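Have a look at start.csv below; it lists CSV, C-alpha atoms.
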chain,number,residue,atom,x,y,z
A,522,MET,CA,-4.7,103.4,41.8
A,523,GLY,CA,-7.7,104.4,43.9
A,524,GLU,CA,-8.2,103.1,47.4
A,525,THR,CA,-11.3,101.1,46.5
A,526,THR,CA,-9.5,99.5,43.6
A,527,THR,CA,-6.6,98.5,45.8
A,528,ARG,CA,-8.9,97.1,48.5
A,529,SER,CA,-10.9,95.1,45.9
A,530,LEU,CA,-7.7,93.8,44.3
A,531,GLY,CA,-6.4,92.8,47.7
A,532,LEU,CA,-9.6,90.9,48.4
A,533,VAL,CA,-9.4,89.1,45.0
A,534,LEU,CA,-5.8,88.2,45.6
A,535,PHE,CA,-6.5,87.0,49.1
A,536,LEU,CA,-9.4,84.7,47.8
A,537,ALA,CA,-7.2,83.3,45.0
A,538,TYR,CA,-4.2,82.7,47.3
A,539,ALA,CA,-6.3,81.2,50.1
A,540,ALA,CA,-8.1,78.9,47.6
A,541,LEU,CA,-4.7,77.7,46.3
A,542,ILE,CA,-3.4,77.1,49.8
A,543,GLY,CA,-6.6,75.2,50.7
A,544,TRP,CA,-6.3,73.1,47.5
A,545,LEU,CA,-2.7,72.3,48.4
A,546,PHE,CA,-3.6,71.3,51.9
A,547,VAL,CA,-6.4,69.0,50.7
A,548,ARG,CA,-4.6,67.4,47.7
A,549,GLN,CA,-1.1,67.2,49.2
A,550,PRO,CA,0.8,67.1,45.9
A,551,GLN,CA,4.2,65.5,46.0
A,552,THR,CA,5.9,67.1,42.9
A,553,MET,CA,5.7,70.3,40.9
A,554,ALA,CA,4.2,68.2,38.1
A,555,GLN,CA,1.4,67.3,40.4
A,556,VAL,CA,0.9,70.9,41.4
A,557,THR,CA,0.8,72.2,37.8
A,558,GLY,CA,-1.2,69.3,36.5
A,559,GLY,CA,-3.7,69.6,39.4
A,560,LEU,CA,-4.1,73.3,38.7
A,561,SER,CA,-4.5,72.6,35.0
A,562,ALA,CA,-7.1,70.0,35.8
A,563,VAL,CA,-9.0,72.5,37.9
A,564,ILE,CA,-9.3,74.8,35.0
A,565,GLY,CA,-9.9,71.9,32.6
A,566,THR,CA,-6.8,72.1,30.5
A,567,TYR,CA,-4.9,69.0,31.7
A,568,LYS,CA,-4.0,66.4,29.1
A,569,ILE,CA,-2.0,63.2,29.4
A,570,ASN,CA,1.0,62.5,27.2
A,571,ASP,CA,-0.6,60.3,24.5
A,572,GLN,CA,2.7,58.9,23.2
A,573,ALA,CA,3.8,57.8,26.7
A,574,PHE,CA,0.3,56.3,27.2
A,575,ALA,CA,0.6,54.3,24.0
A,576,ASP,CA,4.1,53.1,25.1
A,577,GLY,CA,2.6,52.0,28.4
A,578,MET,CA,-0.2,50.1,26.8
A,579,GLN,CA,2.2,48.3,24.5
A,580,PHE,CA,4.3,47.2,27.5
A,581,PHE,CA,1.0,46.3,29.3
A,582,ARG,CA,-0.1,44.0,26.5
A,583,HIS,CA,3.2,42.2,26.5
A,584,ASP,CA,3.0,41.6,30.3
A,585,GLN,CA,6.0,44.0,31.0
A,586,PHE,CA,4.2,45.5,33.9
A,587,VAL,CA,7.1,47.4,35.5
A,588,GLU,CA,7.9,49.1,32.2
A,589,ALA,CA,4.2,49.7,31.6
A,590,ARG,CA,3.9,51.5,34.9
A,591,LEU,CA,6.9,53.7,34.2
A,592,ALA,CA,5.5,54.7,30.9
A,593,LEU,CA,2.0,55.3,32.3
A,594,GLU,CA,3.3,57.4,35.2
A,595,ARG,CA,5.2,59.4,32.6
A,596,ALA,CA,1.9,59.8,30.7
A,597,ASP,CA,0.1,61.1,33.7
A,598,PRO,CA,2.7,62.9,35.8
A,599,ALA,CA,0.1,64.9,37.8
A,600,VAL,CA,-1.8,61.7,38.7
A,601,ARG,CA,-5.1,63.3,37.4
A,602,ASP,CA,-6.3,60.9,34.7
A,603,ALA,CA,-8.6,58.1,36.0
A,604,ARG,CA,-8.1,55.8,33.0
A,605,THR,CA,-4.3,55.9,33.2
A,606,GLN,CA,-4.5,55.2,36.9
A,607,PHE,CA,-6.9,52.3,36.2
A,608,TYR,CA,-4.3,50.7,33.9
A,609,ILE,CA,-1.6,51.2,36.5
A,610,ALA,CA,-3.7,49.5,39.1
A,611,TYR,CA,-4.5,46.7,36.6
A,612,SER,CA,-0.8,46.3,36.0
A,613,TYR,CA,-0.3,45.7,39.8
A,614,TYR,CA,-3.1,43.1,39.7
A,615,ARG,CA,-1.7,41.2,36.7
A,616,GLN,CA,1.8,41.3,38.0
A,617,GLY,CA,0.8,40.2,41.5
A,618,TRP,CA,-1.6,37.5,40.3
A,619,GLY,CA,-0.4,33.9,40.8
A,620,ARG,CA,-2.1,30.5,40.3
A,621,LEU,CA,-1.1,29.4,43.8
A,622,TYR,CA,-0.8,32.7,45.6
A,623,HIS,CA,-1.0,36.4,45.0
A,624,ASP,CA,1.6,39.0,45.9
A,625,ASP,CA,0.0,41.0,48.7
A,626,ARG,CA,2.4,43.9,48.4
A,627,LEU,CA,1.6,44.4,44.7
A,628,TYR,CA,-2.1,44.0,45.4
A,629,ALA,CA,-1.9,46.6,48.2
A,630,GLU,CA,-0.3,49.0,45.8
A,631,GLY,CA,-2.9,48.2,43.2
A,632,LEU,CA,-5.7,48.9,45.7
A,633,THR,CA,-4.2,52.3,46.6
A,634,VAL,CA,-4.1,53.2,42.9
A,635,VAL,CA,-7.5,51.9,42.0
A,636,ASP,CA,-9.0,54.0,44.9
A,637,ARG,CA,-7.2,57.0,43.5
A,638,ALA,CA,-8.7,56.2,40.0
A,639,ILE,CA,-12.2,56.0,41.5
A,640,ALA,CA,-11.7,59.3,43.3
A,641,LEU,CA,-10.6,60.9,40.0
A,642,ALA,CA,-13.4,59.5,37.9
A,643,PRO,CA,-16.4,61.8,37.3
A,644,GLU,CA,-19.1,60.8,39.8
A,645,ARG,CA,-16.7,58.0,40.9
A,646,ARG,CA,-17.8,55.9,38.0
A,647,LEU,CA,-15.0,54.4,35.9
A,648,ILE,CA,-15.6,52.1,33.0
A,649,VAL,CA,-12.8,51.1,30.6
A,650,ASP,CA,-14.0,49.6,27.4
A,651,ASP,CA,-11.0,47.4,26.6
A,652,PRO,CA,-11.7,43.9,25.2
A,653,ALA,CA,-8.2,42.8,26.3
A,654,LEU,CA,-9.2,43.2,29.9
A,655,GLY,CA,-11.2,40.7,32.0
A,656,MET,CA,-12.5,43.5,34.2
A,657,HIS,CA,-13.9,46.7,32.9
A,658,THR,CA,-14.9,48.7,35.9
A,659,ALA,CA,-12.9,50.1,38.8
A,660,GLU,CA,-15.3,48.3,41.2
A,661,GLU,CA,-14.5,44.9,39.7
A,662,LEU,CA,-10.8,45.5,39.9
A,663,LYS,CA,-11.0,46.8,43.5
A,664,ALA,CA,-13.1,43.8,44.6
A,665,GLU,CA,-10.6,41.4,42.9
A,666,LEU,CA,-7.7,43.1,44.6
A,667,GLU,CA,-9.4,43.0,48.0
A,668,ALA,CA,-10.4,39.4,47.5
A,669,GLY,CA,-6.8,38.5,46.6
A,670,MET,CA,-5.5,40.0,49.9
A,671,ARG,CA,-8.2,38.4,52.1
A,672,ARG,CA,-7.3,35.2,53.9
A,673,ASP,CA,-10.2,32.7,54.0
A,674,LEU,CA,-11.0,29.0,53.4
A,675,SER,CA,-11.2,29.5,49.7
A,676,ASP,CA,-7.4,29.9,49.7
A,677,PHE,CA,-7.1,26.2,50.5
A,678,ASN,CA,-9.4,25.1,47.7
A,679,PRO,CA,-7.3,23.1,45.2
A,680,MET,CA,-9.5,24.1,42.4
A,681,ARG,CA,-8.1,27.6,42.5
A,682,VAL,CA,-5.2,26.5,40.4
A,683,PHE,CA,-7.6,26.3,37.5
A,684,ARG,CA,-8.6,29.9,37.8
A,685,GLU,CA,-7.7,32.3,35.0
A,686,ARG,CA,-6.1,35.7,35.3
A,687,LYS,CA,-8.6,38.4,34.3
B,431,MET,CA,-1.1,102.4,57.3
B,432,THR,CA,-1.7,102.4,53.6
B,433,ALA,CA,-4.6,100.5,51.9
B,434,ALA,CA,-2.2,98.5,49.9
B,435,ARG,CA,-0.4,97.3,53.0
B,436,GLU,CA,-3.7,96.3,54.7
B,437,ALA,CA,-5.4,94.8,51.7
B,438,ILE,CA,-2.5,93.2,49.8
B,439,THR,CA,0.8,93.0,51.7
B,440,LEU,CA,-0.3,91.7,55.1
B,441,PRO,CA,-2.7,89.0,53.9
B,442,ILE,CA,-0.1,87.7,51.4
B,443,VAL,CA,2.6,87.7,54.1
B,444,PHE,CA,0.4,85.9,56.6
B,445,LEU,CA,-0.9,83.4,54.1
B,446,THR,CA,2.7,82.7,53.0
B,447,VAL,CA,3.6,81.9,56.6
B,448,THR,CA,0.5,79.6,56.8
B,449,LEU,CA,1.7,77.8,53.7
B,450,VAL,CA,5.5,77.6,54.3
B,451,GLY,CA,5.1,76.9,58.0
B,452,GLY,CA,3.1,73.8,57.3
B,453,LEU,CA,5.5,72.4,54.7
B,454,ARG,CA,7.3,69.2,55.8
B,455,ILE,CA,9.7,68.2,53.1
B,456,GLY,CA,10.4,64.5,53.0
B,457,ASN,CA,9.1,61.3,51.5
B,458,PRO,CA,6.2,61.9,51.3
B,459,THR,CA,6.2,65.7,51.5
B,460,ALA,CA,3.2,66.9,53.5
B,461,LEU,CA,1.4,70.1,54.2
B,462,VAL,CA,0.3,70.0,57.8
B,463,PRO,CA,-2.4,72.3,59.0
B,464,PRO,CA,-2.1,73.8,62.6
B,465,SER,CA,-3.7,71.7,65.3
B,466,PRO,CA,-6.7,73.0,67.2
B,467,TYR,CA,-4.5,73.5,70.2
B,468,LEU,CA,-2.1,75.7,68.3
B,469,LEU,CA,-5.1,77.6,66.8
B,470,LEU,CA,-6.1,78.3,70.4
B,471,LEU,CA,-2.6,79.5,71.2
B,472,GLY,CA,-2.8,81.7,68.1
B,473,VAL,CA,-5.8,83.5,69.6
B,474,LEU,CA,-3.7,84.1,72.8
B,475,LEU,CA,-0.9,85.4,70.7
B,476,ILE,CA,-3.2,87.8,68.8
B,477,ARG,CA,-4.6,89.0,72.1
B,478,LEU,CA,-1.1,89.6,73.3
B,479,VAL,CA,-0.2,91.5,70.2
B,480,ALA,CA,-3.2,93.7,70.5
B,481,LYS,CA,-2.7,94.3,74.2
B,482,SER,CA,0.9,95.3,73.6
B,483,GLY,CA,-0.1,97.9,71.1
B,484,ALA,CA,1.6,96.1,68.2
B,485,LEU,CA,-1.9,95.8,66.7
B,486,ALA,CA,-4.7,98.3,66.9
B,487,PRO,CA,-7.8,96.2,66.0
B,488,GLU,CA,-9.9,99.4,65.8
B,489,ARG,CA,-7.8,100.4,62.8
B,490,LEU,CA,-8.8,97.2,61.1
B,491,LEU,CA,-12.5,96.9,62.1
B,492,ALA,CA,-14.6,100.0,63.0
B,493,SER,CA,-18.0,101.3,62.2
B,494,SER,CA,-16.4,104.5,60.8
B,495,ARG,CA,-14.7,102.4,58.0
B,496,SER,CA,-16.3,101.3,54.8
B,497,GLU,CA,-17.6,97.7,54.4
B,498,LEU,CA,-14.8,96.9,52.0
B,499,ALA,CA,-12.2,98.3,54.4
B,500,ASN,CA,-13.7,96.3,57.2
B,501,LEU,CA,-13.6,93.2,55.1
B,502,ASN,CA,-9.9,93.8,54.4
B,503,GLY,CA,-9.4,94.3,58.1
B,504,LEU,CA,-11.1,91.0,58.9
B,505,VAL,CA,-8.9,89.3,56.3
B,506,VAL,CA,-5.8,90.6,58.1
B,507,LEU,CA,-7.1,89.4,61.5
B,508,ILE,CA,-8.0,85.9,60.2
B,509,THR,CA,-4.7,85.4,58.3
B,510,LEU,CA,-2.8,86.7,61.3
B,511,TRP,CA,-4.5,84.1,63.4
B,512,LEU,CA,-3.7,81.3,61.0
B,513,ALA,CA,-0.1,82.5,60.6
B,514,ALA,CA,0.4,82.7,64.4
B,515,ALA,CA,-0.8,79.1,64.8
B,516,GLN,CA,1.3,77.9,61.9
B,517,ALA,CA,4.4,79.8,63.0
B,518,LEU,CA,4.1,78.0,66.4
B,519,ALA,CA,3.5,74.7,64.6
B,520,ALA,CA,6.7,75.2,62.5
B,521,VAL,CA,8.9,75.2,65.6
B,522,THR,CA,7.0,72.6,67.6
B,523,PRO,CA,8.6,69.2,67.7
B,524,ASP,CA,6.5,66.6,65.8
B,525,SER,CA,6.1,63.9,68.3
B,526,GLY,CA,6.7,62.4,71.8
B,527,VAL,CA,7.5,64.3,75.0
B,528,PRO,CA,9.1,67.3,73.2
B,529,HIS,CA,5.8,67.9,71.4
B,530,LEU,CA,3.8,67.9,74.6
B,531,ALA,CA,6.5,70.0,76.4
B,532,ALA,CA,6.6,72.6,73.6
B,533,GLY,CA,2.8,72.9,73.7
B,534,ALA,CA,2.9,73.5,77.5
B,535,PHE,CA,6.0,75.8,77.1
B,536,PHE,CA,4.2,78.0,74.6
B,537,LEU,CA,1.1,78.3,76.7
B,538,VAL,CA,3.0,79.2,79.9
B,539,LEU,CA,5.2,81.6,78.0
B,540,LEU,CA,2.2,83.4,76.3
B,541,LEU,CA,0.3,83.7,79.6
B,542,ASN,CA,3.5,84.9,81.4
B,543,THR,CA,4.1,87.5,78.7
B,544,ALA,CA,0.5,88.6,78.9
B,545,ALA,CA,0.8,89.0,82.7
B,546,ALA,CA,4.0,91.1,82.2
B,547,ALA,CA,2.0,93.5,79.9
B,548,PRO,CA,4.9,94.3,77.5
B,549,ASP,CA,4.9,97.2,75.1
B,550,ARG,CA,5.2,96.7,71.3
B,551,GLN,CA,9.0,96.7,71.3
B,552,GLN,CA,9.3,94.4,74.3
B,553,LEU,CA,6.7,92.0,72.8
B,554,LEU,CA,8.5,91.8,69.4
B,555,ARG,CA,11.8,91.1,71.2
B,556,SER,CA,10.1,88.5,73.4
B,557,LEU,CA,8.5,86.8,70.4
B,558,ALA,CA,11.8,86.7,68.5
B,559,VAL,CA,13.5,85.1,71.4
B,560,THR,CA,10.7,82.6,72.0
B,561,PHE,CA,10.7,81.5,68.3
B,562,ALA,CA,14.4,81.4,68.1
B,563,ALA,CA,14.7,79.3,71.2
B,564,ALA,CA,12.0,76.9,70.0
B,565,PHE,CA,13.8,76.7,66.6
B,566,VAL,CA,17.1,75.9,68.2
B,567,LEU,CA,15.4,73.3,70.4
B,568,LYS,CA,13.7,71.6,67.5
B,569,PHE,CA,16.1,71.9,64.6
B,570,VAL,CA,19.5,71.9,66.4
B,571,ILE,CA,19.2,70.0,69.7
B,572,LEU,CA,16.5,67.4,69.0
B,573,ASN,CA,17.7,66.9,65.4
B,574,GLY,CA,21.2,66.5,66.7
B,575,LEU,CA,20.1,63.9,69.2
B,576,SER,CA,17.8,62.0,66.7
B,577,ALA,CA,20.0,62.2,63.5
B,578,PRO,CA,21.8,58.9,62.8
B,579,GLY,CA,25.3,59.1,64.2
B,580,ASP,CA,28.4,58.7,62.0
B,581,GLY,CA,30.9,58.1,64.8
B,582,VAL,CA,31.1,55.4,67.5
B,583,VAL,CA,30.9,58.0,70.3
B,584,LYS,CA,27.8,59.7,68.9
B,585,ARG,CA,26.1,56.4,68.2
B,586,GLY,CA,26.9,55.3,71.8
B,587,LEU,CA,25.6,58.5,73.3
B,588,GLN,CA,22.5,58.3,71.1
B,589,ALA,CA,21.9,54.7,72.3
B,590,LEU,CA,22.4,55.9,75.9
B,591,VAL,CA,19.9,58.8,75.6
B,592,ASP,CA,17.5,56.6,73.7
B,593,ALA,CA,17.6,54.0,76.5
B,594,VAL,CA,17.4,56.4,79.4
B,595,THR,CA,14.4,58.3,77.9
B,596,LEU,CA,12.8,55.2,76.5
B,597,GLY,CA,12.9,56.8,73.1
B,598,ALA,CA,10.6,59.6,74.2
B,599,LEU,CA,13.0,62.3,73.0
B,600,MET,CA,13.8,60.8,69.6
B,601,GLN,CA,12.2,62.6,66.6
B,602,GLN,CA,11.9,61.8,63.0
B,603,VAL,CA,14.8,63.8,61.3
B,604,PRO,CA,13.3,66.2,58.8
B,605,HIS,CA,14.8,67.1,55.4
B,606,PRO,CA,17.3,69.9,55.9
B,607,LEU,CA,15.2,72.2,53.8
B,608,THR,CA,12.4,72.0,56.4
B,609,ALA,CA,14.6,73.9,58.9
B,610,TYR,CA,15.2,76.7,56.4
B,611,LEU,CA,11.5,76.9,55.6
B,612,ALA,CA,10.6,77.1,59.3
B,613,LEU,CA,13.2,79.9,59.8
B,614,PHE,CA,11.7,81.7,56.8
B,615,ALA,CA,8.2,81.3,58.1
B,616,ILE,CA,8.9,82.6,61.6
B,617,GLY,CA,11.0,85.5,60.2
B,618,LEU,CA,8.2,86.4,57.8
B,619,PHE,CA,5.7,86.2,60.6
B,620,LEU,CA,7.7,88.6,62.8
B,621,VAL,CA,7.9,91.0,59.8
B,622,GLY,CA,4.1,90.7,59.4
B,623,VAL,CA,3.6,91.5,63.1
B,624,LEU,CA,6.0,94.5,62.6
B,625,LEU,CA,3.8,95.8,59.7
B,626,LEU,CA,0.5,95.6,61.6
B,627,PRO,CA,-1.3,98.9,62.3
B,628,LEU,CA,0.0,99.8,65.7
B,629,ARG,CA,-1.5,101.8,68.5
B,630,ILE,CA,0.4,105.0,69.4
B,631,PRO,CA,0.1,105.9,73.1
B,632,SER,CA,-1.0,109.5,73.7
B,633,PRO,CA,1.5,111.7,75.5
B,634,ARG,CA,-1.5,113.0,77.5
B,635,GLY,CA,-2.4,109.5,78.7
B,636,ALA,CA,-5.3,108.6,76.4
B,637,LEU,CA,-5.3,104.9,76.0
B,638,THR,CA,-6.3,104.3,72.4
B,639,ARG,CA,-5.2,107.1,70.1
B,640,THR,CA,-4.0,106.0,66.8
B,641,GLN,CA,-1.5,107.4,64.3
B,642,GLU,CA,-4.4,108.7,62.2
B,643,THR,CA,-5.9,110.7,65.0
B,644,ILE,CA,-2.8,112.5,66.1
B,645,ASP,CA,-2.7,116.1,65.0
B,646,ILE,CA,0.8,117.5,64.7
B,647,PRO,CA,0.5,121.2,65.4
B,648,SER,CA,2.4,123.5,63.0
B,649,ARG,CA,5.1,125.9,64.3
B,650,ASP,CA,3.3,128.9,62.8

Rewritten as C-alpha cells:
Amino acid sequence: MGETTTRSLGLVLFLAYAALIGWLFVRQPQTMAQVTGGLSAVIGTYKINDQAFADGMQFFRHDQFVEARLALERADPAVRDARTQFYIAYSYYRQGWGRLYHDDRLYAEGLTVVDRAIALAPERRLIVDDPALGMHTAEELKAELEAGMRRDLSDFNPMRVFRERK
Amino acid sequence: MTAAREAITLPIVFLTVTLVGGLRIGNPTALVPPSPYLLLLGVLLIRLVAKSGALAPERLLASSRSELANLNGLVVLITLWLAAAQALAAVTPDSGVPHLAAGAFFLVLLLNTAAAAPDRQQLLRSLAVTFAAAFVLKFVILNGLSAPGDGVVKRGLQALVDAVTLGALMQQVPHPLTAYLALFAIGLFLVGVLLLPLRIPSPRGALTRTQETIDIPSRD
C-alpha cells in the first residue's frame, strides 16, 4: 500500500472512530442493544420488533401496564422509536392515574419517557392516531403528567373525583 | 516512524484510551469526558513528553511534510492530548477531598517532573510510577475504605474513618470492571507514548536531530 493511501485510510479511520466515540459520549447508551440499535438508526435501518409491539398493545388495552411496558421495551430495545416510547409513557400515566390522587413516582417515570419520545420524534413533533387514547400528542401527555405532579389548590377540589382518565 | 504507525496505529491507540478511560461501569453506565482542568494537565503532560524527547513534534508537523502528512501529525497530537487527559481522569477519584487532592498532586508532580528535565526513559518510568500510584490510591486504598464491610472490625473501622473525616474520603464504589478498564487505559496510553516519534540526541551535541536525519556512515 502506498504512503498516501495509508495516510488517507488513517484519516478516514480516525474520523469514523472519533465520530463513534463522540456519539457514544453524547448518547450514553446503557446496553449493547442500545449501541447497535442507535447505530442502525443513524444509518436508517433500525426497526422495532412488530410482534412484541403488538403484544405490548394488547396488554396496554387490557390495562396490564407492567406487562405492556415489558413487551414494549422488548419491541424497542435500543430506545429509538418515538411511538413505542409514547405508549410506554402513556402506560405510566394510566397506571399512575387515580380518582383521588396520582402516583407521583409513576408520573415522574412517565415524564422521563415522554421527554425521550419527544427527543426521538422528527422535529420533536409526535402525534399518535389511536382512537383508544384520550391524548394524541406528546405535548398533551407531558402537560397531563406535569399537572398530575404539581401541588395546587385544584388538588382539593372535590369535583376532581368525577374526572375521567384519558 | 512508518506512515501506518503515524496515521493509523497511534490515533486508534489514543482514541481507545479516550473511550475506555471515560467508561464508568455501573447503574447507569456512563461515559465521562475529561474535565477542563484535566485537559489543561494534558497540555502540561504533552509539553513534558516533548521536552523529554519522547515526542519530536517536528516529526509530526513541519513545512517540509505534505499536507496529508501534517494532517496525520495533527491528529496524533490532538488524540494524544485527549488520551493524556482521559488517562489522568481514569485514575482520579470521582469526588470529595481525594478528587481535589489528586488534581493538585498531578499538577505538582507534572511541574516537578518538568523542572527535573528527565530524558525519555526517565519520563516513561516516572509516568508509569505516577499512574500506578494513582491507580493504587483510587482502586485499592479508597475503594477498600469505601466498600461496604463484611466483618464487624471492618465496619467499625469504616465508621471511625467516616466520622473522623466527616465522610470526605468516602467514594462511590465502582463496578470491579472499571478498575480493569482503567488499568487497560493507562497501560495503552503508556504504550502509545512509547510509540511516539522520538527525538534522538546527536552525539555531537545538536539539540534536535531526528532518526530520519542521522546518516550512518558505511565502513567502506

Proximal residues of chain B relative to chain A (only C-alpha atoms; 8 Å) as a ChimeraX atom specification: /B:433-434,437-438,441-442,445,449,458-463,498-499,502,505

Non-local contacts of Trp511 in chain B (9 Å; only C-alpha atoms; under 4 positions in same chain excluded) as a ChimeraX atom specification: /B:444,469,472-473,475-476,506-507,515-516

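With CA of Tyr610 in chain B on one side and CA of Leu512 in chain B on the other, the separation reads 20.0 Å.
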
Proximity of range 552-584 of chain A to range 614-624 of chain A: per-residue shortest pair, 12 Å limit, only C-alpha atoms, as CSV:
residue,atom,partner,partner_atom,distance
A:Phe581,CA,A:Arg615,CA,9.4
A:Arg582,CA,A:Arg615,CA,10.7
A:His583,CA,A:Arg615,CA,11.4
A:Asp584,CA,A:Gln616,CA,7.8

Between CA of Ala659 in chain A and CA of Arg646 in chain A - distance in Å to one decimal: 7.6 Å

Sphere at (3.8, 47.1, 35.5), radius 7 Å, counting only C-alpha atoms: residues as a ChimeraX atom specification: /A:581,585-590,609,612-613,616

Atomic separation - CA of Ala603 in chain A relative to CA of Ile639 in chain A, Å: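 Straight-line distance from CA of Ile639 in chain A to CA of Ala603 in chain A works out to 6.9 Å.
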
7 Å contact set for Leu468 in chain B, only C-alpha atoms, chain neighbours under 2 positions out, as a PyMOL selection string: chain B and resi 464-466+470-472+515+518-519

How would the residues just picked look written out with C-alpha atoms as a tab-separated table (two decimals), in the frame of the given file?
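So the final result, stored in part_27.tsv, reads:
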chain	number	residue	atom	x	y	z
B	464	PRO	CA	-2.10	73.80	62.60
B	465	SER	CA	-3.70	71.70	65.30
B	466	PRO	CA	-6.70	73.00	67.20
B	470	LEU	CA	-6.10	78.30	70.40
B	471	LEU	CA	-2.60	79.50	71.20
B	472	GLY	CA	-2.80	81.70	68.10
B	515	ALA	CA	-0.80	79.10	64.80
B	518	LEU	CA	4.10	78.00	66.40
B	519	ALA	CA	3.50	74.70	64.60

Nearest to Phe535 in chain B, chosen from B:Met600, B:Val521, B:Ala513, B:Ala492, with all atoms listed in the file counted in the distances: B:Val521

Polymer residues at most 6 Å from (3.9, 64.5, 37.3) by all atoms listed in the file, as a ChimeraX atom specification: /A:554-555,598-599

Non-local contacts of Leu593 in chain A (8 Å; all atoms listed in the file; under 5 positions in same chain excluded) as a tab-separated table (two decimals) with C-alpha atoms, in the frame of the given file:
chain	number	residue	atom	x	y	z
A	573	ALA	CA	3.80	57.80	26.70
A	574	PHE	CA	0.30	56.30	27.20
A	576	ASP	CA	4.10	53.10	25.10
A	577	GLY	CA	2.60	52.00	28.40
A	578	MET	CA	-0.20	50.10	26.80
A	605	THR	CA	-4.30	55.90	33.20
A	606	GLN	CA	-4.50	55.20	36.90
A	608	TYR	CA	-4.30	50.70	33.90
A	609	ILE	CA	-1.60	51.20	36.50

Of the listed residues A:Leu591, A:Ala596, A:Val635, A:Ala642, that which approaches Glu665 in chain A most closely, counting only C-alpha atoms: A:Val635

Could you pull range 519-572 of chain B out of the structure I just pasted and write it to a file containing C-alpha atoms, as a PDB file, in the first residue's frame?
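Now in out_0.pdb:
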ATOM      1  CA  ALA B 519      -9.201  11.132  34.639  1.00  0.00           C
ATOM      2  CA  ALA B 520      -9.290   7.339  34.813  1.00  0.00           C
ATOM      3  CA  VAL B 521      -7.102   7.308  37.938  1.00  0.00           C
ATOM      4  CA  THR B 522      -8.536  10.436  39.580  1.00  0.00           C
ATOM      5  CA  PRO B 523     -11.003   9.724  42.413  1.00  0.00           C
ATOM      6  CA  ASP B 524     -14.522  10.782  41.499  1.00  0.00           C
ATOM      7  CA  SER B 525     -15.469  13.013  44.403  1.00  0.00           C
ATOM      8  CA  GLY B 526     -14.617  14.706  47.675  1.00  0.00           C
ATOM      9  CA  VAL B 527     -11.230  15.611  49.085  1.00  0.00           C
ATOM     10  CA  PRO B 528      -9.399  12.779  47.232  1.00  0.00           C
ATOM     11  CA  HIS B 529     -10.629  14.253  43.929  1.00  0.00           C
ATOM     12  CA  LEU B 530      -9.235  17.691  44.785  1.00  0.00           C
ATOM     13  CA  ALA B 531      -6.042  16.233  46.241  1.00  0.00           C
ATOM     14  CA  ALA B 532      -5.408  14.099  43.141  1.00  0.00           C
ATOM     15  CA  GLY B 533      -5.832  17.175  40.916  1.00  0.00           C
ATOM     16  CA  ALA B 534      -3.280  19.111  42.962  1.00  0.00           C
ATOM     17  CA  PHE B 535      -0.994  16.049  43.168  1.00  0.00           C
ATOM     18  CA  PHE B 536      -0.927  15.649  39.382  1.00  0.00           C
ATOM     19  CA  LEU B 537      -0.235  19.359  38.839  1.00  0.00           C
ATOM     20  CA  VAL B 538       2.646  19.438  41.323  1.00  0.00           C
ATOM     21  CA  LEU B 539       4.043  16.182  40.007  1.00  0.00           C
ATOM     22  CA  LEU B 540       3.973  17.334  36.373  1.00  0.00           C
ATOM     23  CA  LEU B 541       5.586  20.675  37.237  1.00  0.00           C
ATOM     24  CA  ASN B 542       8.199  18.922  39.368  1.00  0.00           C
ATOM     25  CA  THR B 543       8.974  16.431  36.605  1.00  0.00           C
ATOM     26  CA  ALA B 544       9.245  19.287  34.099  1.00  0.00           C
ATOM     27  CA  ALA B 545      11.704  21.068  36.400  1.00  0.00           C
ATOM     28  CA  ALA B 546      13.792  17.893  36.697  1.00  0.00           C
ATOM     29  CA  ALA B 547      14.041  17.777  32.862  1.00  0.00           C
ATOM     30  CA  PRO B 548      14.071  13.974  32.538  1.00  0.00           C
ATOM     31  CA  ASP B 549      15.090  12.168  29.381  1.00  0.00           C
ATOM     32  CA  ARG B 550      12.676   9.855  27.543  1.00  0.00           C
ATOM     33  CA  GLN B 551      13.442   6.747  29.573  1.00  0.00           C
ATOM     34  CA  GLN B 552      13.233   8.575  32.899  1.00  0.00           C
ATOM     35  CA  LEU B 553       9.973  10.234  31.897  1.00  0.00           C
ATOM     36  CA  LEU B 554       8.359   6.955  30.858  1.00  0.00           C
ATOM     37  CA  ARG B 555       9.436   5.410  34.154  1.00  0.00           C
ATOM     38  CA  SER B 556       8.129   8.425  36.057  1.00  0.00           C
ATOM     39  CA  LEU B 557       4.788   8.320  34.228  1.00  0.00           C
ATOM     40  CA  ALA B 558       4.411   4.607  34.904  1.00  0.00           C
ATOM     41  CA  VAL B 559       5.082   5.128  38.613  1.00  0.00           C
ATOM     42  CA  THR B 560       2.710   8.137  38.787  1.00  0.00           C
ATOM     43  CA  PHE B 561      -0.149   6.311  37.083  1.00  0.00           C
ATOM     44  CA  ALA B 562       0.447   3.144  39.095  1.00  0.00           C
ATOM     45  CA  ALA B 563       0.463   5.097  42.377  1.00  0.00           C
ATOM     46  CA  ALA B 564      -2.734   6.939  41.459  1.00  0.00           C
ATOM     47  CA  PHE B 565      -4.333   3.651  40.396  1.00  0.00           C
ATOM     48  CA  VAL B 566      -3.466   2.009  43.727  1.00  0.00           C
ATOM     49  CA  LEU B 567      -4.755   5.056  45.628  1.00  0.00           C
ATOM     50  CA  LYS B 568      -8.082   5.104  43.776  1.00  0.00           C
ATOM     51  CA  PHE B 569      -8.882   1.460  43.175  1.00  0.00           C
ATOM     52  CA  VAL B 570      -7.167  -0.231  46.127  1.00  0.00           C
ATOM     53  CA  ILE B 571      -6.961   2.168  49.064  1.00  0.00           C
ATOM     54  CA  LEU B 572     -10.016   4.394  48.598  1.00  0.00           C
TER      55      LEU B 572
END
